[in-house]
$ cat final19.pdb   # PDB, C-alpha atoms
ATOM      1  CA  MET A  79     137.717  35.940 101.222
ATOM      2  CA  TYR A  80     136.940  32.485  99.785
ATOM      3  CA  LEU A  81     134.891  32.458  96.602
ATOM      4  CA  LYS A  82     133.634  29.837  94.199
ATOM      5  CA  ILE A  83     134.151  31.073  90.651
ATOM      6  CA  ARG A  84     133.417  29.724  87.200
ATOM      7  CA  ALA A  85     136.248  30.200  84.730
ATOM      8  CA  VAL A  86     137.383  29.203  81.246
ATOM      9  CA  ASP A  87     140.850  28.011  80.279
ATOM     10  CA  VAL A  88     142.507  25.976  77.551
ATOM     11  CA  VAL A  89     144.066  22.683  78.623
ATOM     12  CA  ARG A  90     146.655  20.727  76.647
ATOM     13  CA  VAL A  91     146.238  16.967  77.013
ATOM     14  CA  ARG A  92     149.487  15.129  76.363
ATOM     15  CA  PRO A  93     149.362  12.351  73.740
ATOM     16  CA  GLU A  94     150.054   9.569  76.273
ATOM     17  CA  ARG A  95     146.907  10.603  78.209
ATOM     18  CA  LEU A  96     144.519  10.674  75.225
ATOM     19  CA  GLY A  97     143.153   7.178  75.892
ATOM     20  CA  ASP A  98     142.232   8.007  79.529
ATOM     21  CA  GLU A  99     138.863   9.413  80.636
ATOM     22  CA  LEU A 100     138.847  13.000  79.361
ATOM     23  CA  GLN A 101     137.016  14.521  82.362
ATOM     24  CA  VAL A 102     139.613  13.127  84.808
ATOM     25  CA  VAL A 103     142.613  14.086  82.668
ATOM     26  CA  VAL A 104     141.375  17.656  82.119
ATOM     27  CA  LYS A 105     140.747  18.151  85.859
ATOM     28  CA  GLU A 106     144.252  16.859  86.664
ATOM     29  CA  MET A 107     145.781  19.187  84.057
ATOM     30  CA  LEU A 108     143.851  22.169  85.466
ATOM     31  CA  GLN A 109     144.980  21.298  89.007
ATOM     32  CA  GLU A 110     148.590  21.046  87.878
ATOM     33  CA  LYS A 111     148.411  24.303  85.933
ATOM     34  CA  LEU A 112     146.382  26.537  88.276
ATOM     35  CA  GLU A 113     146.297  25.403  91.920
ATOM     36  CA  GLY A 114     148.483  27.618  94.099
ATOM     37  CA  ARG A 115     148.760  30.262  91.371
ATOM     38  CA  MET A 116     148.010  33.928  92.071
ATOM     39  CA  ASP A 117     146.119  36.285  89.797
ATOM     40  CA  LYS A 118     145.565  39.907  90.879
ATOM     41  CA  LYS A 119     142.000  39.920  89.511
ATOM     42  CA  ILE A 120     140.699  36.586  90.807
ATOM     43  CA  GLY A 121     143.050  35.910  93.737
ATOM     44  CA  MET A 122     144.849  32.675  94.637
ATOM     45  CA  VAL A 123     143.430  29.446  93.181
ATOM     46  CA  ILE A 124     143.022  27.014  96.070
ATOM     47  CA  ALA A 125     141.319  24.090  94.329
ATOM     48  CA  ILE A 126     139.704  23.044  91.064
ATOM     49  CA  LEU A 127     136.288  21.838  92.211
ATOM     50  CA  ASP A 128     134.583  20.557  89.086
ATOM     51  CA  VAL A 129     134.926  20.458  85.316
ATOM     52  CA  VAL A 130     131.620  21.804  83.974
ATOM     53  CA  ASP A 131     132.125  21.611  80.204
ATOM     54  CA  ILE A 132     134.801  20.500  77.762
ATOM     55  CA  LYS A 133     134.552  21.838  74.204
ATOM     56  CA  GLU A 134     135.689  19.923  71.158
ATOM     57  CA  GLY A 135     139.468  19.397  71.063
ATOM     58  CA  ARG A 136     141.816  21.167  68.674
ATOM     59  CA  ILE A 137     145.007  19.770  67.181
ATOM     60  CA  ILE A 138     147.864  22.076  66.255
ATOM     61  CA  ILE A 139     150.270  21.110  63.472
ATOM     62  CA  GLY A 140     153.561  19.878  64.926
ATOM     63  CA  ASP A 141     152.101  19.210  68.397
ATOM     64  CA  ALA A 142     150.857  15.733  69.337
ATOM     65  CA  GLY A 143     148.743  17.090  72.210
ATOM     66  CA  VAL A 144     145.072  18.046  71.970
ATOM     67  CA  TYR A 145     143.839  21.429  73.254
ATOM     68  CA  TYR A 146     140.453  21.613  74.969
ATOM     69  CA  GLU A 147     138.663  24.814  75.953
ATOM     70  CA  THR A 148     137.274  23.993  79.384
ATOM     71  CA  VAL A 149     134.711  25.584  81.701
ATOM     72  CA  PHE A 150     135.346  24.767  85.370
ATOM     73  CA  ASP A 151     134.526  25.786  88.946
ATOM     74  CA  ALA A 152     137.334  26.758  91.303
ATOM     75  CA  LEU A 153     137.729  27.812  94.920
ATOM     76  CA  VAL A 154     139.785  31.019  95.208
ATOM     77  CA  PHE A 155     141.136  33.103  98.075
ATOM     78  CA  ARG A 156     140.690  36.829  97.388
ATOM     79  CA  PRO A 157     141.472  39.225 100.261
ATOM     80  CA  LYS A 158     139.521  42.503 100.138
ATOM     81  CA  MET A 159     140.305  45.901 101.610
ATOM     82  CA  GLN A 160     138.542  46.625 104.944
ATOM     83  CA  GLU A 161     137.511  42.976 105.310
ATOM     84  CA  ILE A 162     137.410  41.600 108.862
ATOM     85  CA  VAL A 163     139.432  38.376 109.152
ATOM     86  CA  GLU A 164     140.281  35.913 111.886
ATOM     87  CA  GLY A 165     143.667  34.261 111.965
ATOM     88  CA  GLU A 166     146.424  32.736 114.033
ATOM     89  CA  VAL A 167     149.756  34.332 114.883
ATOM     90  CA  VAL A 168     152.493  32.248 113.226
ATOM     91  CA  GLU A 169     155.530  34.407 113.996
ATOM     92  CA  ILE A 170     156.426  37.258 116.347
ATOM     93  CA  VAL A 171     159.153  39.685 115.272
ATOM     94  CA  GLU A 172     160.444  42.938 116.735
ATOM     95  CA  PHE A 173     158.224  45.053 114.451
ATOM     96  CA  GLY A 174     154.980  43.049 114.784
ATOM     97  CA  ALA A 175     153.298  39.722 114.159
ATOM     98  CA  PHE A 176     152.696  37.598 111.084
ATOM     99  CA  VAL A 177     149.154  36.228 111.031
ATOM    100  CA  GLU A 178     147.964  33.277 108.936
ATOM    101  CA  ILE A 179     144.737  34.250 107.185
ATOM    102  CA  GLY A 180     144.019  31.434 104.786
ATOM    103  CA  PRO A 181     146.830  30.470 102.399
ATOM    104  CA  LEU A 182     148.641  33.802 102.904
ATOM    105  CA  ASP A 183     150.097  35.595 105.929
ATOM    106  CA  GLY A 184     149.289  39.171 106.869
ATOM    107  CA  LEU A 185     151.523  41.546 108.823
ATOM    108  CA  LEU A 186     150.144  43.112 111.976
ATOM    109  CA  HIS A 187     152.606  45.955 112.554
ATOM    110  CA  ILE A 188     153.378  46.779 116.190
ATOM    111  CA  SER A 189     151.741  50.211 115.733
ATOM    112  CA  GLN A 190     148.475  48.558 114.626
ATOM    113  CA  ILE A 191     147.983  46.216 117.604
ATOM    114  CA  THR A 192     146.746  48.603 120.303
ATOM    115  CA  ASP A 193     146.959  52.219 121.492
ATOM    116  CA  GLU A 194     149.262  51.159 124.349
ATOM    117  CA  TYR A 195     153.057  51.158 124.142
ATOM    118  CA  ILE A 196     154.262  47.652 123.160
ATOM    119  CA  SER A 197     157.634  46.083 123.818
ATOM    120  CA  TYR A 198     159.176  42.992 122.241
ATOM    121  CA  ASP A 199     160.098  40.152 124.613
ATOM    122  CA  GLU A 200     162.768  38.339 122.609
ATOM    123  CA  LYS A 201     163.200  35.428 125.069
ATOM    124  CA  GLY A 202     159.482  34.686 125.287
ATOM    125  CA  ALA A 203     158.881  35.592 121.622
ATOM    126  CA  LYS A 204     155.947  37.804 122.643
ATOM    127  CA  LEU A 205     154.765  41.357 122.250
ATOM    128  CA  VAL A 206     153.786  42.845 125.641
ATOM    129  CA  THR A 207     151.648  45.956 126.308
ATOM    130  CA  LYS A 208     153.046  48.393 128.872
ATOM    131  CA  ASP A 209     149.913  49.380 130.866
ATOM    132  CA  THR A 210     147.768  46.209 130.936
ATOM    133  CA  GLY A 211     150.523  43.602 130.482
ATOM    134  CA  ARG A 212     148.602  41.833 127.718
ATOM    135  CA  THR A 213     150.688  39.589 125.482
ATOM    136  CA  LEU A 214     150.547  38.479 121.875
ATOM    137  CA  GLY A 215     152.489  35.363 120.898
ATOM    138  CA  GLU A 216     152.643  32.492 118.437
ATOM    139  CA  GLY A 217     149.465  30.420 118.321
ATOM    140  CA  ASP A 218     147.223  33.255 119.561
ATOM    141  CA  LYS A 219     143.962  33.680 117.655
ATOM    142  CA  LEU A 220     142.866  37.186 116.710
ATOM    143  CA  ARG A 221     140.418  39.276 114.713
ATOM    144  CA  ALA A 222     141.796  42.037 112.481
ATOM    145  CA  ARG A 223     140.892  44.192 109.491
ATOM    146  CA  ILE A 224     142.756  44.237 106.167
ATOM    147  CA  VAL A 225     144.187  47.718 105.498
ATOM    148  CA  ALA A 226     146.701  47.053 102.701
ATOM    149  CA  ILE A 227     147.002  44.489  99.905
ATOM    150  CA  SER A 228     149.886  43.924  97.485
ATOM    151  CA  LEU A 229     149.555  40.616  95.632
ATOM    152  CA  ASN A 230     152.566  39.172  93.798
ATOM    153  CA  GLU A 231     151.589  36.967  90.851
ATOM    154  CA  ARG A 232     155.112  35.634  90.239
ATOM    155  CA  ASP A 233     155.747  34.642  93.864
ATOM    156  CA  PRO A 234     152.473  34.371  95.858
ATOM    157  CA  GLY A 235     154.445  33.850  99.091
ATOM    158  CA  ASP A 236     155.892  37.331  98.614
ATOM    159  CA  SER A 237     152.420  38.939  98.632
ATOM    160  CA  LYS A 238     151.876  41.499 101.371
ATOM    161  CA  ILE A 239     148.702  42.002 103.392
ATOM    162  CA  GLY A 240     148.606  44.697 106.086
ATOM    163  CA  LEU A 241     146.355  44.254 109.136
ATOM    164  CA  THR A 242     145.090  46.417 112.001
ATOM    165  CA  MET A 243     143.422  45.664 115.353
ATOM    166  CA  ARG A 244     143.004  49.291 116.505
ATOM    167  CA  GLN A 245     139.204  49.483 116.331
ATOM    168  CA  PRO A 246     136.480  48.266 118.705
ATOM    169  CA  GLY A 247     135.620  44.602 118.142
ATOM    170  CA  LEU A 248     139.095  43.765 116.881
ATOM    171  CA  GLY A 249     141.978  42.195 118.792
ATOM    172  CA  LYS A 250     143.191  38.971 120.304
ATOM    173  CA  LEU A 251     140.103  36.783 120.856
ATOM    174  CA  GLU A 252     141.020  36.401 124.523
ATOM    175  CA  TRP A 253     141.043  40.208 124.938
ATOM    176  CA  LEU A 254     137.677  40.511 123.219
ATOM    177  CA  GLU A 255     136.186  37.924 125.588
ATOM    178  CA  GLU A 256     137.571  39.862 128.577
ATOM    179  CA  GLU A 257     135.910  43.031 127.265
ATOM    180  CA  ARG A 258     132.569  41.199 126.866
ATOM    181  CA  GLU A 259     132.796  39.942 130.455
ATOM    182  CA  LYS A 260     133.470  43.486 131.715
ATOM    183  CA  GLU A 261     130.425  44.759 129.806
ATOM    184  CA  LYS A 262     128.227  42.008 131.289
ATOM    185  CA  LYS A 263     129.322  42.942 134.819
ATOM    186  CA  LYS A 264     128.425  46.613 134.215
ATOM    187  CA  VAL A 265     124.827  45.713 133.310
TER     188      VAL A 265
END

$ encode --input "final19.pdb" --output "structure tokens"
Amino acid sequence: MYLKIRAVDVVRVRPERLGDELQVVVKEMLQEKLEGRMDKKIGMVIAILDVVDIKEGRIIIGDAGVYYETVFDALVFRPKMQEIVEGEVVEIVEFGAFVEIGPLDGLLHISQITDEYISYDEKGAKLVTKDTGRTLGEGDKLRARIVAISLNERDPGDSKIGLTMRQPGLGKLEWLEEEREKEKKKV
């Protein structure tokens, strides 16, 4: 999910910043250029942690800036198939729930919540199970598994992550605690 990676990129330092401390300027340029960006191979860049090495600068004819090849450490968010995640429901809709899992939201489709029939309570903005009367609403914490990933590099907010809770050990945290209590009483 969250990884610390070491990467290499070229940073252009504008001429007005050339007198400032190079380490600080390069880190700021990397933050401006990369933070919040999505790459299908490495994931979403959350933060530039540290500038490890700055190579000698290069000047290009007709450009007053200086280009530095830079080695740096970054924190990235990379969802993986079949990974178990915990998140918070941020929106309930007729067809399921949107769950915040890090910087992106995943969709928990109504068919992937439980084996029971589920109805949508529009007034209460909740999903309600028919047999047990359990509810899922905004602010509820849950544990789910990633079953589909479609990352969009151009618009990271348009990335799609599919979730399921239809296996043992997955579900709303409250429901999981209830199940643990039932198991304790059996023993």

$ resolve_selection --input "final19.pdb" --expression "the PyMOL selection byres ((chain A and resi 79) around 10)" --output "number ranges by chain"
A: 80-81, 121, 154-158, 161-163, 179-180

$ residues_around --input "final19.pdb" --residues "A:Gln190" --least-positions-apart "5" --cutoff "8 Å" --atoms "only C-alpha atoms" --output "MDAnalysis selection string"
chainID A and resid 241:244

$ closest_residue --input "final19.pdb" --among "A:Glu256, A:Asp209, A:Glu194, A:Glu164" --to "A:Arg221" --atoms "all atoms listed in the file"
A:Glu164

$ resolve_selection --input "final19.pdb" --expression "the PyMOL selection byres ((chain A and resi 204) around 6)" --output "PDB file with C-alpha atoms, in the coordinates of the input"
ATOM      1  CA  ASP A 199     160.098  40.152 124.613  1.00  0.00           C
ATOM      2  CA  GLY A 202     159.482  34.686 125.287  1.00  0.00           C
ATOM      3  CA  ALA A 203     158.881  35.592 121.622  1.00  0.00           C
ATOM      4  CA  LEU A 205     154.765  41.357 122.250  1.00  0.00           C
ATOM      5  CA  LEU A 214     150.547  38.479 121.875  1.00  0.00           C
ATOM      6  CA  GLY A 215     152.489  35.363 120.898  1.00  0.00           C
TER       7      GLY A 215
END

$ closest_residue --input "final19.pdb" --among "A:Gly235, A:Gly174, A:Gly143, A:Gly211" --to "A:Arg92" --atoms "only C-alpha atoms"
A:Gly143
